[in-house]
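Written below as structure tokens is the structure these notes are about.
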Amino acid sequence: MTTIPEPLEPALSVRQVLTLERVLAGEPEVVAGAGQLDRPVRWVHVAEAPDVGVMLTGGEMVLTTGVLLAGDEDKQAEYIRSLHRAEAAAVVLGLGRAFPAPPDVMRRAAERCGLPMVVLHRPFPFAELTEEVQSRLVRRKFAAVSLSESVRTTLTALITAGAPLQSLLDEVASHSACPVVVTNLAHRVLATAGERPAVDDVLRDWERIARQAGGREGDGWIRAELGGRGERWGQIVLCGHRGDTATGRLLADRAAEALVLHRMLGGNSAHTWEEQSAQSLLTDLVSGVVPARQLLPRARAAGLPVNRRTFVPLVVRDGDAPQLERVLRMLGLSGIVAELADGATAVLLSLARDQDAAVLAANFAARVRTESGAAQAVVAAADARTAWDDVPAGLREAQHVADAVADSTAALDLPAVVRLKDVHLRGLIRLLRDDPYVQSFAERELDGLLCTADDDMLSVLRTYLATGRNKSRTAQLHHVSRPALYRRLEAIQTRLGVDLDDFEQAASVHIALLAHDAQQS
């Protein structure tokens with residue numbers, strides 16, 4: 001694991017120091033470097049020596065009366081330059097003892113260097129300012145250490161308990177009070193946390209924001225790299241953190257530390273996080289709980305082209321998500337892949353408007369069969385959608401088609417790309433399988449076989465009806481002689497009390513068997 005650098009000590013800015021009540025009593029006036037007042041003040045130092053810079057380490061606010069500088073303009077200019085070289089935060093000059101008014105030489109030098117220079121118009125005990133600022137800095141540093149340990153302890157406990165990535169990010173978002181985004185190196189969003197409206201605002205224009213985020217830490221955009229063993233694989237971004245930068249950087253670093261640990265202990269990879277992101281998006285689309293319009297920013301931020309596109313919803317039964325992603329790459333297609341429940345894998349293709357959706361879906365299915373080695377692999381598809389709001393219904397339709405042919409001998413006679421028109425009665429029964437009237441009908445019609453739990457007879461009946469009551473084909477598929485099949489069919493008719501040569505009775509039994517199979521699956 002890479003070593004996460006310790007955050008900078010939390011500090012007051014020059015601007016914050018100037019608003020302290022004790023400082024206001026001295027009537028401060030900024031006479032130079034007004035554009036640099038957000039510099040952090042790491043410490044306060046009282047110094048009169050002209051070569052004060054050699055005693056500083058950077059970040060100090062230097063207080064002086066200028067008694068050793070009066071009458072020597074060269075020393076005054078060198079004093080300011082020395083502070084600048086030492087990277088002091090600011091210089092505060094108390095007027096009265098040496099200078100009745102701000103010395104022009106020091107003011108001009110400070111302006112050239114960009115060093116904030118403040119004069120106090122009323123006598124002011126420097127000891128009071130030093131005590132006030134130092135005590136505040138110590139308290140802030142202690143609070144930062146406490147926050148750091150609190151965040152680290154909480155995140156470590158979540159990791160130890162096997163919590164998912166989302167739980168860790170939710171915890172970081174609660175501490176930072178701003179949207180949190182995890183991306184890969186291509187700036188594609190893998191996960192988010194925070195208040196949903198705020199997150200959506202960030203994702204809505206993510207491509208532009210991601211390009212600018214590197215230079216926006218002053219606006220609360222704080223990043224920490226994710227990686228280990230010499231390899232970077234992503235970053236975590238606090239988007240619009242309103243607290244001080246040091247605290248935000250601390251939170252980002254602690255979060256990055258936890259995410260790297262989570263990946264190592266869980267055996268996860270950045271690729272797995274991409275799968276989780278796609279799964280979350282497609283699951284929300286299929287469920288319909290979240291309106292499609294609200295999911296559009298997430299889809300765009302995940303790298304799915306959405307503007308002026310044609311969307312093709314697909315579902316592959318027992319599909320392998322990494323394998324399907326490889327097929328997409330081989331064919332040069334844009335899309336996202338995610339495993340759904342019950343062994344189904346959803347694929348949402350995003351095509352240019354001038355591409356032939358039917359041809360590309362067929363090419364995809366053919367390549368899936370080639371890659372999986374299963375000549376009869378079937379891909380279920382819905383009609384192409386040109387409106388994003390219609391995608392959820394398309395995914396549900398594809399899932400319904402895939403369910404309708406699951407574990408069915410009828411799948412042997414279906415095309416590689418199965419659509420709603422191909423599932424006929426089986427699809428309708430699948431939709432109605434939970435209806436109590438349908439359940440009661442299936443049990444009543446099949447009671448003679450269900451009560452004996454004779455799976456072999458059910459299998460023969462299923463094949464016989466699925467093949468259109470073709471006795472030769474049924475005998476062949478079950479590897480029995482025709483006389484043996486006749487005896488089984490006679491036994492089935494006796495137990496059910498039906499004549500399978502009668503079309504209406506056979507149809508009734510067929511519908512009941514379809515309903516039974518749909519309920520069992």
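In the structure tokens, chains take the letters A, B, ... in the order shown, each chain's residues start at 1, and ligands count up from 1 in the order shown.
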
| request: Extract the full set of alpha helix (DSSP H) residues from stretch 430-499 of chain A according to DSSP on the backbone, and format it as a ChimeraX atom specification. | output: /A:430-432,436-450,455-466,471-477,482-496

| said: Excluding A:Gly427 and its own-chain neighbours fewer than 2 positions away, which residues fall within 12 Å of it when counting only C-alpha atoms? Please give them as an MDAnalysis selection string. | reply: chainID A and resid 397:406 408 410 418:425 429:433 511 514:515 517:518

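Surrounding stretch 47-51 of chain A within 8 Å are Val54, Val62, Leu63, Thr64, Thr65, Gly66, Val67, Leu68, Leu69, Lys75, Gln76, Glu78, Tyr79 and Ser82 of chain A, with only C-alpha atoms counted and residues fewer than 3 positions along the same chain left out.
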
| message | When you look at A:Asn184 with a cut-off of 12 Å (counting only C-alpha atoms), what residues show up, excluding the ones that are within fewer than 5 positions of it in the same chain? I need them as a ChimeraX atom specification. | response | /A:189-191,210,225-227,232-237,269-274,277,301-303

Would you save the residues from that selection as a PDB file, in the first residue's frame, using C-alpha atoms?
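The file below, out.pdb, is the result:
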ATOM      1  CA  VAL A 189     -17.323   7.908 -12.248  1.00  0.00           C
ATOM      2  CA  LEU A 190     -17.230   4.591 -10.350  1.00  0.00           C
ATOM      3  CA  ALA A 191     -19.140   5.581  -7.220  1.00  0.00           C
ATOM      4  CA  ALA A 210     -13.347  16.754 -14.133  1.00  0.00           C
ATOM      5  CA  GLU A 225      -4.934   9.617  -5.550  1.00  0.00           C
ATOM      6  CA  LEU A 226      -5.868   5.942  -5.264  1.00  0.00           C
ATOM      7  CA  GLY A 227      -3.225   3.337  -5.914  1.00  0.00           C
ATOM      8  CA  ARG A 232      -2.328   4.576  -9.740  1.00  0.00           C
ATOM      9  CA  TRP A 233      -5.816   3.393 -10.608  1.00  0.00           C
ATOM     10  CA  GLY A 234      -8.157   6.221  -9.638  1.00  0.00           C
ATOM     11  CA  GLN A 235      -8.891   9.154  -7.389  1.00  0.00           C
ATOM     12  CA  ILE A 236     -11.404  10.339  -4.828  1.00  0.00           C
ATOM     13  CA  VAL A 237     -12.722  13.884  -5.123  1.00  0.00           C
ATOM     14  CA  SER A 269      -9.860  -4.129  -8.345  1.00  0.00           C
ATOM     15  CA  ALA A 270     -10.712  -0.872 -10.021  1.00  0.00           C
ATOM     16  CA  HIS A 271     -12.384  -2.978 -12.710  1.00  0.00           C
ATOM     17  CA  THR A 272     -14.675  -4.533 -10.084  1.00  0.00           C
ATOM     18  CA  TRP A 273     -15.691  -1.054  -8.932  1.00  0.00           C
ATOM     19  CA  GLU A 274     -16.612  -0.239 -12.525  1.00  0.00           C
ATOM     20  CA  SER A 277     -21.109   1.151 -10.765  1.00  0.00           C
ATOM     21  CA  ALA A 301     -20.528  10.381 -15.859  1.00  0.00           C
ATOM     22  CA  ALA A 302     -19.990   6.602 -16.119  1.00  0.00           C
ATOM     23  CA  GLY A 303     -18.849   7.123 -19.713  1.00  0.00           C
TER      24      GLY A 303
END

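Coordinates place atom CA of A:Ala387 at a distance of 27.8 Å from atom CA of A:Gln323.
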
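Atom to atom, atom CA of A:Arg426 and atom CA of A:Asp318 stand 19.6 Å apart.
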
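If you measure from each of A:Leu259, A:His121, A:Leu251, A:Gly114 to A:Leu158 using only C-alpha atoms, the closest one turns out to be A:Leu259.
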
| query | Please, which residues of stretch 281-482 of chain A, numbered as in this document, come out strand (DSSP E or B) from DSSP, as a PyMOL selection string? | reply | chain A and resi 309-317+334-339+344-352+379-381+385+417-418

What's around A:Ala255 at 12 Å? Count only C-alpha atoms, leave out sequence neighbours fewer than 5 positions away in its own chain, and write the answer as a short mmCIF file (atom, residue, chain, number, x, y, z; two decimals) with C-alpha atoms, in the first residue's frame.
data_model
loop_
_atom_site.label_atom_id
_atom_site.label_comp_id
_atom_site.auth_asym_id
_atom_site.auth_seq_id
_atom_site.Cartn_x
_atom_site.Cartn_y
_atom_site.Cartn_z
CA ILE A 4 -0.60 8.40 2.55
CA SER A 148 -8.27 12.18 11.61
CA GLU A 149 -8.34 9.41 14.17
CA SER A 150 -12.13 9.38 14.31
CA VAL A 151 -12.44 9.03 10.54
CA ARG A 152 -9.71 6.41 10.35
CA THR A 153 -11.24 4.37 13.18
CA THR A 154 -14.73 4.50 11.68
CA LEU A 155 -13.60 3.56 8.17
CA THR A 156 -11.37 0.76 9.46
CA ILE A 159 -13.76 -2.43 6.33
CA LEU A 165 -17.61 0.52 -0.90
CA SER A 167 -20.85 2.47 3.09
CA LEU A 168 -17.33 3.88 3.25
CA LEU A 169 -18.18 6.68 0.86
CA ASP A 170 -21.38 7.53 2.74
CA GLU A 171 -19.30 7.93 5.90
CA VAL A 172 -16.81 10.22 4.13
CA ALA A 173 -19.66 12.29 2.70
CA SER A 174 -21.23 12.71 6.15
CA HIS A 175 -17.93 14.08 7.51
CA SER A 176 -17.17 16.32 4.53
CA VAL A 180 -17.89 12.58 -2.89
CA VAL A 181 -16.92 11.04 -6.24
CA VAL A 182 -14.61 8.12 -7.00
CA ILE A 222 -9.95 18.37 -3.18
CA ARG A 223 -8.50 15.20 -4.69
CA ALA A 224 -6.50 12.27 -3.37
CA GLU A 225 -4.93 9.62 -5.55
CA LEU A 226 -5.87 5.94 -5.26
CA GLN A 235 -8.89 9.15 -7.39
CA ILE A 236 -11.40 10.34 -4.83
CA VAL A 237 -12.72 13.88 -5.12
CA LEU A 238 -14.45 16.03 -2.52
CA GLY A 248 -10.72 18.70 3.42
CA ARG A 249 -7.34 17.34 2.42
CA LEU A 250 -7.20 15.35 5.64
CA VAL A 260 -6.89 1.29 -0.91
CA LEU A 261 -7.15 -0.94 2.16
CA HIS A 262 -10.68 -1.96 1.20
#

Name the residues in contact with A:Met117 at a cut-off of 9 Å, using only C-alpha atoms, excluding same-chain residues fewer than 6 positions from it; report them as an mmCIF file with C-alpha atoms, in the first residue's frame.
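File written: around.cif
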data_model
loop_
_atom_site.group_PDB
_atom_site.id
_atom_site.type_symbol
_atom_site.label_atom_id
_atom_site.label_comp_id
_atom_site.auth_asym_id
_atom_site.auth_seq_id
_atom_site.Cartn_x
_atom_site.Cartn_y
_atom_site.Cartn_z
ATOM 1 C CA GLU A 29 -5.288 48.124 7.618
ATOM 2 C CA VAL A 30 -4.039 46.024 4.713
ATOM 3 C CA VAL A 31 -1.617 48.213 2.753
ATOM 4 C CA ALA A 32 -0.110 45.581 0.414
ATOM 5 C CA GLY A 33 -0.785 42.037 -0.830
ATOM 6 C CA ALA A 34 -4.567 42.263 -0.418
ATOM 7 C CA ALA A 90 2.246 38.081 6.303
ATOM 8 C CA VAL A 91 3.932 40.937 8.125
ATOM 9 C CA VAL A 92 2.159 43.136 10.700
ATOM 10 C CA LEU A 93 3.716 46.508 11.485
ATOM 11 C CA MET A 106 8.201 48.458 2.713
ATOM 12 C CA ARG A 107 4.731 48.769 1.193
ATOM 13 C CA ALA A 110 5.576 43.881 -0.169
ATOM 14 C CA GLU A 111 3.290 44.609 -3.113
#

| field | Residue contacts of A:Asp501 (12 Å, only C-alpha atoms) excluding same-chain residues fewer than 3 positions away, as a list of chain:residue names | value | A:Tyr464, A:Leu465, A:Gly468, A:Arg469, A:Asn470, A:Lys471, A:Leu489, A:Glu490, A:Gln493, A:Val498, A:Glu504, A:Gln505, A:Ala506, A:Ala507, A:Val509

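Rounded to one decimal, atom CA of A:Ser135 and atom CA of A:Arg42 lie 11.8 Å from each other.
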
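In this comparison, which uses only C-alpha atoms, the residue of A:Leu295, A:Val480, A:Leu461, A:Leu18 approaching A:Val199 most closely is A:Leu295.
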